[in-house]
Structure formats: C-alpha cells, structure tokens
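Dumped my_file-v9.cif below, it's mmCIF, C-alpha atoms and all ligand atoms:
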```
data_structure
loop_
_atom_site.label_atom_id
_atom_site.label_comp_id
_atom_site.auth_asym_id
_atom_site.auth_seq_id
_atom_site.Cartn_x
_atom_site.Cartn_y
_atom_site.Cartn_z
CA MET A 2 -53.28 2.68 -11.37
CA VAL A 3 -50.79 1.01 -9.12
CA ARG A 4 -48.68 0.11 -12.09
CA SER A 5 -48.39 3.62 -13.51
CA THR A 6 -47.47 5.07 -10.12
CA TRP A 7 -44.64 2.59 -9.81
CA ALA A 8 -43.55 3.10 -13.38
CA TRP A 9 -43.13 6.76 -12.72
CA ARG A 10 -41.15 6.18 -9.55
CA ALA A 11 -38.90 3.63 -11.22
CA ALA A 12 -38.06 5.93 -14.10
CA TRP A 13 -37.36 8.75 -11.72
CA GLY A 14 -35.20 6.53 -9.51
CA LEU A 15 -33.16 5.29 -12.42
CA ALA A 16 -32.52 8.80 -13.73
CA LEU A 17 -31.30 9.81 -10.32
CA VAL A 18 -28.90 6.88 -10.12
CA LEU A 19 -27.46 7.61 -13.51
CA ALA A 20 -26.95 11.24 -12.60
CA THR A 21 -25.19 10.67 -9.31
CA LEU A 22 -23.32 7.38 -9.45
CA PRO A 23 -20.93 5.62 -11.84
CA ALA A 24 -23.09 3.79 -14.37
CA ARG A 25 -21.88 0.34 -13.42
CA ALA A 26 -23.03 0.75 -9.82
CA ALA A 27 -26.63 1.19 -10.91
CA SER A 28 -29.03 -1.70 -11.02
CA SER A 29 -29.14 -3.38 -14.41
CA LEU A 30 -32.86 -3.98 -13.90
CA ALA A 31 -34.55 -1.30 -15.99
CA ALA A 32 -38.15 -2.51 -15.91
CA TRP A 33 -40.16 -5.57 -15.04
CA ARG A 34 -43.72 -6.72 -15.44
CA LEU A 35 -45.68 -9.73 -14.20
CA GLY A 36 -48.79 -10.27 -16.29
CA GLY A 37 -52.07 -11.81 -15.20
CA ASP A 38 -51.22 -14.88 -17.32
CA GLY A 39 -48.18 -15.61 -15.15
CA THR A 40 -45.54 -14.28 -17.56
CA LEU A 41 -42.71 -12.31 -15.99
CA GLU A 42 -40.84 -9.99 -18.35
CA LEU A 43 -37.64 -8.11 -17.56
CA ARG A 44 -35.84 -5.33 -19.37
CA THR A 45 -32.20 -5.02 -18.30
CA SER A 46 -29.00 -3.38 -19.35
CA PRO A 47 -27.77 -5.18 -22.48
CA GLY A 48 -25.50 -8.18 -22.14
CA VAL A 49 -25.85 -8.72 -18.41
CA ASN A 50 -26.15 -12.11 -16.77
CA ALA A 51 -29.37 -12.92 -14.91
CA GLN A 52 -29.81 -15.96 -12.71
CA ALA A 53 -33.06 -17.38 -11.41
CA PHE A 54 -33.60 -19.38 -8.25
CA PHE A 55 -36.49 -21.26 -6.71
CA GLU A 56 -37.33 -22.24 -3.16
CA GLU A 57 -40.34 -24.00 -1.69
CA GLY A 58 -41.67 -22.02 1.23
CA PRO A 59 -41.57 -23.58 4.67
CA LEU A 60 -44.94 -24.33 6.30
CA GLY A 61 -47.08 -21.22 6.34
CA ARG A 62 -45.15 -19.47 3.56
CA GLY A 63 -45.51 -19.77 -0.17
CA PRO A 64 -42.80 -20.66 -2.69
CA ARG A 65 -40.40 -17.99 -3.93
CA ILE A 66 -38.71 -17.30 -7.20
CA TRP A 67 -35.94 -14.77 -7.32
CA ILE A 68 -33.71 -13.34 -9.99
CA ASP A 69 -30.29 -11.84 -9.33
CA LEU A 70 -28.93 -9.14 -11.62
CA PRO A 71 -25.75 -7.09 -11.49
CA GLY A 72 -25.78 -3.65 -9.91
CA ALA A 73 -27.55 -2.63 -6.73
CA PRO A 74 -30.94 -0.92 -6.62
CA LEU A 75 -30.99 2.57 -5.22
CA ARG A 76 -34.00 1.87 -3.10
CA PRO A 77 -34.86 -1.63 -1.79
CA ARG A 78 -38.64 -1.90 -1.73
CA SER A 79 -41.61 -4.23 -1.68
CA LEU A 80 -44.90 -4.17 -3.53
CA PRO A 81 -48.01 -6.03 -2.45
CA GLY A 82 -49.14 -8.73 -4.84
CA GLY A 83 -52.63 -9.88 -5.69
CA GLY A 84 -54.18 -13.28 -6.32
CA ALA A 85 -51.63 -16.08 -6.14
CA LEU A 86 -48.80 -13.59 -5.64
CA ARG A 87 -48.22 -12.38 -2.09
CA GLU A 88 -45.49 -9.81 -2.57
CA VAL A 89 -42.71 -8.60 -4.85
CA ARG A 90 -39.46 -7.40 -3.33
CA ILE A 91 -36.59 -5.55 -4.94
CA GLY A 92 -33.67 -6.18 -2.66
CA ARG A 93 -29.96 -5.51 -2.35
CA PRO A 94 -28.45 -8.75 -0.94
CA ASP A 95 -24.98 -7.24 -1.32
CA GLY A 96 -23.50 -4.00 -2.64
CA GLY A 97 -23.48 -5.17 -6.24
CA THR A 98 -26.66 -7.17 -6.82
CA THR A 99 -30.32 -6.48 -7.52
CA ARG A 100 -32.61 -9.27 -6.33
CA LEU A 101 -36.16 -9.38 -7.67
CA VAL A 102 -38.18 -11.72 -5.44
CA LEU A 103 -41.65 -13.06 -6.25
CA GLU A 104 -43.21 -14.58 -3.16
CA PHE A 105 -46.41 -16.53 -3.69
CA GLN A 106 -49.26 -17.23 -1.31
CA PRO A 107 -49.02 -20.30 0.95
CA GLY A 108 -50.40 -23.33 -0.84
CA VAL A 109 -49.40 -22.13 -4.31
CA ARG A 110 -47.57 -24.86 -6.14
CA LEU A 111 -45.05 -24.15 -8.86
CA ASP A 112 -43.09 -26.62 -10.90
CA PRO A 113 -39.42 -25.62 -10.82
CA ASN A 114 -38.64 -28.35 -13.35
CA GLN A 115 -40.69 -26.53 -15.97
CA ILE A 116 -39.83 -22.92 -15.16
CA ARG A 117 -36.91 -21.28 -16.92
CA LEU A 118 -35.66 -17.75 -17.20
CA VAL A 119 -35.02 -17.31 -20.90
CA GLY A 120 -33.15 -14.50 -22.59
CA THR A 121 -35.24 -13.28 -25.54
CA ALA A 122 -32.97 -10.39 -26.59
CA ARG A 123 -29.75 -8.83 -25.32
CA ASP A 124 -31.76 -6.79 -22.86
CA ARG A 125 -34.92 -8.88 -22.46
CA TRP A 126 -35.84 -11.88 -20.31
CA ARG A 127 -38.96 -13.92 -19.93
CA LEU A 128 -40.11 -16.45 -17.32
CA GLU A 129 -43.40 -18.36 -17.50
CA LEU A 130 -44.88 -19.45 -14.19
CA VAL A 131 -45.85 -23.04 -14.87
CA GLY A 132 -48.06 -24.89 -12.45
CA LEU A 133 -50.20 -22.10 -11.01
CA GLY A 134 -53.18 -24.26 -11.87
CA GLY A 135 -55.29 -21.39 -13.15
CA ARG A 136 -54.90 -19.27 -10.03
CA PRO A 137 -54.98 -15.68 -11.25
CA ILE A 138 -52.31 -13.08 -10.57
CA THR A 139 -52.96 -9.37 -10.35
CA PRO A 140 -50.64 -7.71 -12.90
CA VAL A 141 -47.83 -5.70 -11.36
CA GLY A 142 -44.64 -4.07 -12.58
CA GLU A 143 -42.29 -1.12 -12.64
CA GLY A 144 -40.89 0.90 -15.49
CA SER A 145 -41.58 0.60 -19.19
CA ILE A 146 -41.00 -2.86 -20.56
CA GLU A 147 -41.79 -1.60 -24.06
CA ALA A 148 -38.73 0.64 -24.45
CA PRO A 149 -36.88 -0.09 -27.71
CA SER A 150 -34.84 -3.25 -27.71
CA LEU A 151 -31.15 -3.20 -28.57
CA ALA A 152 -31.30 -5.70 -31.37
CA SER A 153 -27.97 -5.33 -33.16
CA GLY A 154 -25.60 -8.25 -32.89
CA TRP A 155 -27.91 -10.12 -30.59
CA ARG A 156 -27.41 -13.81 -29.94
CA PRO A 157 -29.62 -15.73 -27.51
CA PRO A 158 -27.88 -16.06 -24.16
CA VAL A 159 -27.51 -19.47 -22.62
CA THR A 160 -30.63 -20.27 -20.65
CA PRO A 161 -29.70 -20.26 -17.00
CA SER A 162 -31.13 -23.13 -15.03
CA TRP A 163 -32.01 -23.30 -11.35
CA MET A 164 -28.91 -23.34 -9.29
CA PRO A 165 -28.37 -24.37 -5.72
CA ARG A 166 -26.99 -21.43 -3.81
CA PRO A 167 -27.40 -19.64 -0.52
CA SER A 168 -31.01 -19.05 0.32
CA GLU A 169 -32.67 -15.69 0.01
CA GLU A 170 -33.27 -15.92 3.74
CA PRO A 171 -30.55 -18.23 5.03
CA ILE A 172 -32.36 -19.12 8.25
CA VAL A 173 -35.30 -20.65 6.38
CA ARG A 174 -33.68 -23.66 4.79
CA ARG A 175 -30.66 -24.84 2.91
CA PRO A 176 -30.74 -24.95 -0.87
CA LEU A 177 -31.08 -28.22 -2.65
CA SER A 178 -27.70 -29.68 -3.32
CA GLY A 179 -26.68 -33.07 -4.59
CA ASP A 180 -23.39 -32.88 -2.68
CA GLY A 181 -22.54 -36.18 -1.04
CA LEU A 182 -24.96 -38.30 -3.06
CA PRO A 183 -23.61 -41.38 -4.85
CA GLU A 184 -22.30 -40.74 -8.36
CA VAL A 185 -23.69 -42.56 -11.38
CA PRO A 186 -22.81 -42.16 -15.06
CA ARG A 187 -24.50 -38.95 -16.18
CA GLY A 188 -27.20 -39.09 -18.82
CA ARG A 189 -27.60 -42.84 -18.74
CA PHE A 190 -30.60 -43.38 -16.46
CA LEU A 191 -34.26 -42.46 -16.40
CA VAL A 192 -36.32 -42.78 -13.21
CA VAL A 193 -40.06 -42.28 -12.71
CA ILE A 194 -41.08 -40.77 -9.37
CA ASP A 195 -44.76 -41.12 -8.48
CA PRO A 196 -46.07 -38.83 -5.73
CA GLY A 197 -49.16 -40.68 -4.56
CA HIS A 198 -52.67 -39.17 -4.65
CA GLY A 199 -53.21 -35.47 -5.48
CA GLY A 200 -55.96 -33.02 -6.41
CA PRO A 201 -59.32 -34.02 -4.95
CA ASP A 202 -57.67 -37.07 -3.38
CA PRO A 203 -55.49 -35.86 -0.49
CA GLY A 204 -54.57 -39.41 0.49
CA ALA A 205 -54.34 -39.90 4.22
CA VAL A 206 -55.05 -36.93 6.48
CA GLY A 207 -53.41 -37.03 9.88
CA ILE A 208 -52.56 -35.08 12.99
CA GLY A 209 -53.05 -31.33 12.60
CA GLY A 210 -54.61 -31.85 9.18
CA LEU A 211 -51.30 -33.05 7.74
CA ARG A 212 -52.07 -34.33 4.25
CA GLU A 213 -50.27 -37.20 2.60
CA THR A 214 -50.52 -35.53 -0.83
CA ASP A 215 -48.58 -32.46 0.36
CA VAL A 216 -45.87 -34.51 2.06
CA VAL A 217 -45.25 -36.83 -0.87
CA LEU A 218 -45.33 -34.09 -3.52
CA ASP A 219 -42.76 -32.02 -1.64
CA VAL A 220 -40.48 -35.02 -1.20
CA ALA A 221 -40.95 -36.15 -4.81
CA LEU A 222 -40.09 -32.73 -6.27
CA GLN A 223 -36.92 -32.64 -4.20
CA VAL A 224 -35.99 -36.21 -5.17
CA ALA A 225 -36.37 -35.17 -8.80
CA GLN A 226 -34.05 -32.20 -8.33
CA LEU A 227 -31.47 -34.26 -6.45
CA LEU A 228 -31.43 -37.02 -9.06
CA GLN A 229 -31.18 -34.46 -11.84
CA SER A 230 -28.18 -32.95 -10.08
CA ARG A 231 -26.52 -36.34 -10.54
CA GLY A 232 -27.35 -36.47 -14.25
CA VAL A 233 -30.35 -38.80 -13.90
CA ARG A 234 -33.37 -37.93 -16.02
CA VAL A 235 -36.59 -37.90 -14.02
CA LEU A 236 -40.25 -38.15 -14.94
CA LEU A 237 -42.81 -37.22 -12.32
CA THR A 238 -46.31 -38.67 -12.64
CA ARG A 239 -47.58 -35.35 -11.32
CA THR A 240 -45.86 -32.12 -10.42
CA THR A 241 -48.76 -30.20 -8.95
CA GLU A 242 -51.88 -30.74 -6.91
CA VAL A 243 -53.77 -32.64 -9.60
CA ASP A 244 -55.54 -35.95 -9.57
CA VAL A 245 -53.93 -38.61 -11.73
CA ASP A 246 -55.60 -41.98 -11.88
CA LEU A 247 -53.45 -45.04 -11.36
CA PRO A 248 -53.42 -46.52 -14.91
CA PRO A 249 -51.98 -43.33 -16.51
CA ARG A 250 -49.20 -43.34 -13.92
CA VAL A 251 -48.30 -46.86 -14.94
CA SER A 252 -48.55 -46.27 -18.68
CA LEU A 253 -46.39 -43.14 -18.39
CA ALA A 254 -43.74 -45.25 -16.68
CA ASN A 255 -44.02 -48.18 -19.06
CA GLN A 256 -43.94 -46.04 -22.19
CA SER A 257 -40.94 -44.05 -20.96
CA GLY A 258 -38.62 -47.02 -20.84
CA ALA A 259 -37.55 -45.93 -17.34
CA ASP A 260 -34.95 -47.86 -15.39
CA LEU A 261 -36.77 -47.60 -12.06
CA PHE A 262 -40.18 -46.62 -10.70
CA VAL A 263 -40.62 -45.30 -7.16
CA SER A 264 -44.00 -44.42 -5.68
CA LEU A 265 -44.01 -42.25 -2.55
CA HIS A 266 -46.74 -42.43 0.07
CA ALA A 267 -47.37 -41.87 3.76
CA ASN A 268 -49.34 -44.26 5.90
CA ALA A 269 -52.33 -43.69 8.12
CA LEU A 270 -54.34 -45.51 10.70
CA ASN A 271 -57.17 -43.83 12.50
CA MET A 272 -56.64 -40.79 14.68
CA SER A 273 -57.13 -42.79 17.86
CA ARG A 274 -53.93 -44.74 17.22
CA PRO A 275 -51.10 -42.17 17.49
CA ASP A 276 -49.03 -44.98 18.98
CA VAL A 277 -48.70 -46.62 15.56
CA ASN A 278 -45.67 -45.36 13.65
CA GLY A 279 -43.20 -46.91 11.25
CA ILE A 280 -41.66 -47.17 7.83
CA GLU A 281 -42.44 -49.84 5.22
CA THR A 282 -41.55 -50.27 1.57
CA PHE A 283 -43.28 -52.62 -0.87
CA TYR A 284 -42.26 -54.41 -4.04
CA PHE A 285 -44.29 -56.81 -6.18
CA GLU A 286 -41.85 -59.38 -7.45
CA GLY A 287 -38.33 -59.81 -8.77
CA SER A 288 -34.97 -59.49 -7.12
CA ARG A 289 -34.27 -56.04 -8.58
CA SER A 290 -37.52 -54.64 -7.22
CA GLN A 291 -36.74 -56.26 -3.89
CA ARG A 292 -33.27 -54.71 -3.89
CA LEU A 293 -34.76 -51.28 -4.66
CA ALA A 294 -37.34 -51.61 -1.88
CA ARG A 295 -34.71 -52.73 0.61
CA ALA A 296 -32.39 -49.86 -0.27
CA ILE A 297 -35.16 -47.28 0.16
CA GLN A 298 -36.36 -48.85 3.40
CA GLU A 299 -32.84 -48.91 4.83
CA GLN A 300 -32.21 -45.26 3.99
CA ILE A 301 -35.52 -43.97 5.39
CA VAL A 302 -35.22 -46.04 8.58
CA ALA A 303 -31.73 -44.63 9.10
CA ILE A 304 -33.06 -41.06 9.34
CA SER A 305 -36.16 -41.98 11.39
CA PRO A 306 -34.85 -43.00 14.82
CA GLY A 307 -37.51 -44.62 17.01
CA SER A 308 -39.92 -45.22 14.15
CA PRO A 309 -40.39 -48.98 13.76
CA ASP A 310 -38.80 -50.72 10.79
CA ARG A 311 -41.76 -52.57 9.26
CA GLY A 312 -39.53 -53.95 6.55
CA ALA A 313 -39.28 -54.20 2.78
CA ARG A 314 -42.10 -56.55 1.88
CA PRO A 315 -44.06 -57.94 -1.06
CA GLY A 316 -47.24 -56.01 -1.84
CA ARG A 317 -49.84 -56.05 -4.59
CA PHE A 318 -50.38 -52.33 -5.15
CA PHE A 319 -51.43 -51.49 -8.71
CA VAL A 320 -48.57 -49.13 -9.53
CA ILE A 321 -45.86 -51.61 -8.58
CA ARG A 322 -47.72 -54.66 -9.93
CA ARG A 323 -48.34 -53.23 -13.42
CA THR A 324 -45.07 -51.38 -14.00
CA VAL A 325 -42.60 -53.37 -16.08
CA MET A 326 -39.37 -51.95 -14.61
CA PRO A 327 -38.06 -52.56 -11.07
CA ALA A 328 -40.54 -50.76 -8.84
CA ALA A 329 -41.07 -49.96 -5.17
CA LEU A 330 -43.69 -48.13 -3.10
CA ALA A 331 -42.48 -46.44 0.07
CA GLU A 332 -44.71 -45.58 3.02
CA MET A 333 -42.47 -42.97 4.62
CA GLY A 334 -44.22 -42.84 7.99
CA PHE A 335 -47.70 -42.47 9.53
CA VAL A 336 -49.40 -39.08 9.26
CA THR A 337 -51.51 -40.31 12.20
CA GLY A 338 -48.49 -41.34 14.29
CA SER A 339 -47.36 -39.19 17.22
CA LEU A 340 -43.72 -39.74 16.29
CA ASP A 341 -43.90 -39.75 12.48
CA SER A 342 -46.45 -36.97 11.95
CA PRO A 343 -44.45 -34.00 13.29
CA ARG A 344 -41.49 -35.22 11.29
CA LEU A 345 -43.46 -35.47 8.07
CA ALA A 346 -44.76 -31.94 8.69
CA ASP A 347 -41.22 -30.60 9.03
CA PRO A 348 -39.66 -29.25 5.78
CA GLY A 349 -36.20 -30.11 7.09
CA PHE A 350 -37.20 -33.73 7.60
CA ARG A 351 -38.84 -33.90 4.20
CA ARG A 352 -35.53 -32.73 2.75
CA ARG A 353 -33.77 -35.56 4.58
CA LEU A 354 -36.38 -37.98 3.23
CA ALA A 355 -35.64 -36.74 -0.29
CA VAL A 356 -31.91 -37.25 0.24
CA ALA A 357 -32.56 -40.75 1.67
CA VAL A 358 -34.77 -41.84 -1.24
CA SER A 359 -32.36 -40.33 -3.79
CA THR A 360 -29.39 -42.07 -2.17
CA ALA A 361 -31.17 -45.43 -2.38
CA ILE A 362 -32.12 -44.90 -6.03
CA LEU A 363 -28.58 -43.84 -7.00
CA ARG A 364 -27.07 -46.82 -5.20
CA VAL A 365 -29.36 -49.22 -7.02
CA LEU A 366 -28.67 -47.52 -10.36
CA GLY A 367 -24.95 -47.64 -9.67
CA GLY A 368 -25.07 -51.33 -8.75
CA SER A 369 -23.80 -50.81 -5.20
CA SER A 370 -27.02 -51.91 -3.54
ZN ZN A 401 -50.98 -43.27 -0.14
#
```
Could you express the structure from this file as structure tokens?
Ligand code: ZN
Amino acid sequence: MVRSTWAWRAAWGLALVLATLPARAASSLAAWRLGGDGTLELRTSPGVNAQAFFEEGPLGRGPRIWIDLPGAPLRPRSLPGGGALREVRIGRPDGGTTRLVLEFQPGVRLDPNQIRLVGTARDRWRLELVGLGGRPITPVGEGSIEAPSLASGWRPPVTPSWMPRPSEEPIVRRPLSGDGLPEVPRGRFLVVIDPGHGGPDPGAVGIGGLRETDVVLDVALQVAQLLQSRGVRVLLTRTTEVDVDLPPRVSLANQSGADLFVSLHANALNMSRPDVNGIETFYFEGSRSQRLARAIQEQIVAISPGSPDRGARPGRFFVIRRTVMPAALAEMGFVTGSLDSPRLADPGFRRRLAVAVSTAILRVLGGSS
C-alpha cells in the first residue's frame, strides 16, 4: 500500500516537472525500488552517469549508501524504511543533483568491497546489498520500474566503483582517502587482513560495552579500502559479523599466496584495571615478520599519545605461527583501559588507526621499513 501511494506521487511529480521546467533540469531518477531480498533497482533517463558511495555510520547511526544522479528532484523527501533499512531520502545536495540515500539501522553491517552499482541497460541500474546477513528489508520504492527499457544501441556502462568524495553530511566524518599514504607499485601486492573474532565471539568487551570485534572489523574494512586505493589487492578473513575459526583464516592466507598477513585485535584486562593501557604487536619468527610488527607498532604508538609502548615482540598466536608469509598481530589498545577505550570507541580514531596500519604495511611492501 505504501508503495502504490508513492508510485502515484512520483509519477505525478515527474509529469509536473516536465511540464514546467526545461527537461534537463528535471531529476534523471524516474523510478526506484528496493526489494526484500536487498536488491536496489533504478530506472533513469537513458545514458546518464550514476555514482554510488558508501559510508559507515558513526556510533549510534547505521551505514549509508547513496547514489548521485544528474538533475535535481522537484521535492526532496524521506520515506521510512522497515527491517534493516531505517530510512530512504531523496535529496538535492546542489541545484543539479538527485541524491538517493539508503540509511540502514545501527548495527547493520554491509560490505562495501562487494557492493557495486551496475548498469544493466541504458536506463537501468542494479545494486545488490551484500552482507546484510539475512536481515530482512521491507520493500519500498517510487514510480514504475517496469516501464519499457530503451534497448536500442545499448552498451553496458562502465561499472562505477566507490569513490572517496565529500560526505553526505560533512560534519559526520571525512571520506576514506588514500592521500598521503606511501606509494607502492600498483597491482603487484596481495595482503591478507584478519579482523579478529566475530559473530558469536565478540572478543574482549570493555568499558561501556565496547566490543573488540566491532573495533577491529571497522579498522580492517578501512585498511582494506586504503590499501586498495594504493593498488594493493586485499583479502579479508571476514567482512561481516561472522565467526571464522582460526584454521580457515590461516589456510585462506596460505592458499592466496599473499605477501603479508596482518591480524587486528584489541586487548583487555579485567574491568577493575582501567589503569592498564598500551599498544603491542606480535610476530612469530623471521626478520620480515619482525620488521612488519615493528612498523605497525611504531605507527600505532605515534597516534596514541600517553598509551604505553609495550613493544613489537615475539608471540606464539596461531594465526601468526601457522601463516607462511610475513605476519604480525596488533593489539591496538585496551578496551578496558581508561585511556585507550574512549579512543577505540571513536570513529575518528579508528580511521587514524586504519591509516597507521596501512602506512606500516605500505612501507614494508615498498621496502622502506
Ligand atoms: Zn583479540
């Protein structure tokens, strides 16, 4: 019922725009539909360029995906979502753009590495929401997606990828950008990033319920994006809140022929020891693993003033003992520490952690560390 109401309004709105304004001022978004299976479909004016963007929500907000299309909507609006989807907004960020925003509920995890907006015809686009983990979505949409397609002379458009650019809401956080990171030869390296724990195993739980699994997954996803921006291929041992046992993490790394393996964790003591804080990074053996651990330790310590430097040290953890490539395991702070915990809970600090870890990895790959 909701859908048909909106479909009627959208068709009416579009007719009005076409009647009263030059055609090119009108939004090129003709219809859109998000199905219960997590498939977003768009019908647009033929031959337009659509770009998709992704942003993790800050604490208390869910992630967002938005798509920018040429032409401004007549009527900026929002529609309530259902299930994993919190809200859909049709906005006008400037006089010439339509922005379709999908905002998800807090706690929803999406995998930006696996989500692509794909042109399926000159006037059709499709985006599959990967990583919802079975959380249902209440179908929602506007307009008729089934209108006849303009098939003649169609060639598939280039698939746009996620692009760093100004945030939907600039005050929230900066976009991911690899600017300033060390350069390495593009396409030559493969790195495995292992966010520790996941699923039923939250890892350490600290002050304010801060969970290690959430911290390390957020940092790991950002490290992956940053490395990819420098032309490094990345494998993640998990990309969502799932439980992966330790041996599969190691076999994934060993079978991939990766150049480096980095496992990300946060430390914990018990809640009665908020005085214990600090950074430590482990390696098992070998000078290249030691160099990797030292580089990561140095970078994280540099952005964690006051948090004790517990050093880069030998350790016997399974994932660094059984991996065949240079490997390190970073404990990026104590979720139970009065100094470390608020930092680890801060999205801005987690971004700096991602930059620090990426910098260390790129330096080691490039031979400058
Ligand atoms: Zn851990």
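When all atoms listed in the file are used to compute distances to ligand ZN 401 (chain A), the closest of the residues A:Gly61, A:Pro203, A:Pro275, A:Gly142 turns out to be A:Pro203.
Here CA of Val251 in chain A and CA of Leu270 in chain A stand 26.4 Å from one another.
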At most 7 Å from ligand ZN 401 (chain A) (all atoms listed in the file): residue list as a VMD selection string = chain A and resid 197 to 198 204 to 205 213 266 to 268
Deliver the residues from the most recent selection as a file, using C-alpha atoms, as a compact mmCIF listing (two decimals), in the frame of the given file.
```txt
# COMPACT_ATOMS: atom_id res chain seq x y z
CA GLY A 197 -49.16 -40.68 -4.56
CA HIS A 198 -52.67 -39.17 -4.65
CA GLY A 204 -54.57 -39.41 0.49
CA ALA A 205 -54.34 -39.90 4.22
CA GLU A 213 -50.27 -37.20 2.60
CA HIS A 266 -46.74 -42.43 0.07
CA ALA A 267 -47.37 -41.87 3.76
CA ASN A 268 -49.34 -44.26 5.90
```
Find the residues near Ile280 in chain A: any atom within 10 Å, counting all atoms listed in the file, skip ones fewer than 3 places away on the same chain, and give them as a PyMOL selection string.
-> chain A and resi 267-268+298-299+301-302+305+308-313+331-335+341
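Proximity ranking of A:Ser79, A:Gln115, A:Ala122, A:Pro137 relative to Leu101 in chain A places A:Ser79 first, based on all atoms listed in the file.
Of the residues under consideration (A:Arg110, A:Arg187, A:Arg90, A:Arg364), A:Arg110 shows the shortest atom-to-atom contact distance to Gly58 in chain A when counting all atoms listed in the file.
Take CA of Phe55 in chain A and CA of Ile68 in chain A: the distance between them is 9.0 Å.
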Take the point (-37.4, -37.6, -6.3) as written in the file and pick out every residue within 8 Å of it, counting all atoms listed in the file; give the list as JSON, numbers by chain.
-> {"A": [194, 220, 221, 222, 223, 224, 225, 226, 227, 228, 235, 355, 358, 359]}
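The two atoms in question, CA of Gly338 in chain A and CA of Arg314 in chain A, are spaced 20.6 Å apart.
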Using only C-alpha atoms, the shortest atom-to-atom distance to Ser230 in chain A among A:Thr282, A:Asn114, A:Ser273, A:Ser290 belongs to A:Asn114
For range 236-247 of chain A: contacts at 6 Å, only C-alpha atoms, fewer than 2 positions along chain excluded, given as a VMD selection string = chain A and resid 193 to 195 199 to 200 249 to 250
Between A:Ala361, A:Leu211, A:Ile116, A:Val192, which one has atoms that come closest to Glu129 in chain A, using only C-alpha atoms?
-> A:Ile116
Please provide the set of residues having any atom within 9 Å of range 320-329 of chain A, restricted to only C-alpha atoms, with same-chain residues fewer than 6 positions apart removed, written as a PyMOL selection string.
-> chain A and resi 195+247-248+250-252+254-255+258-265+282-294+297
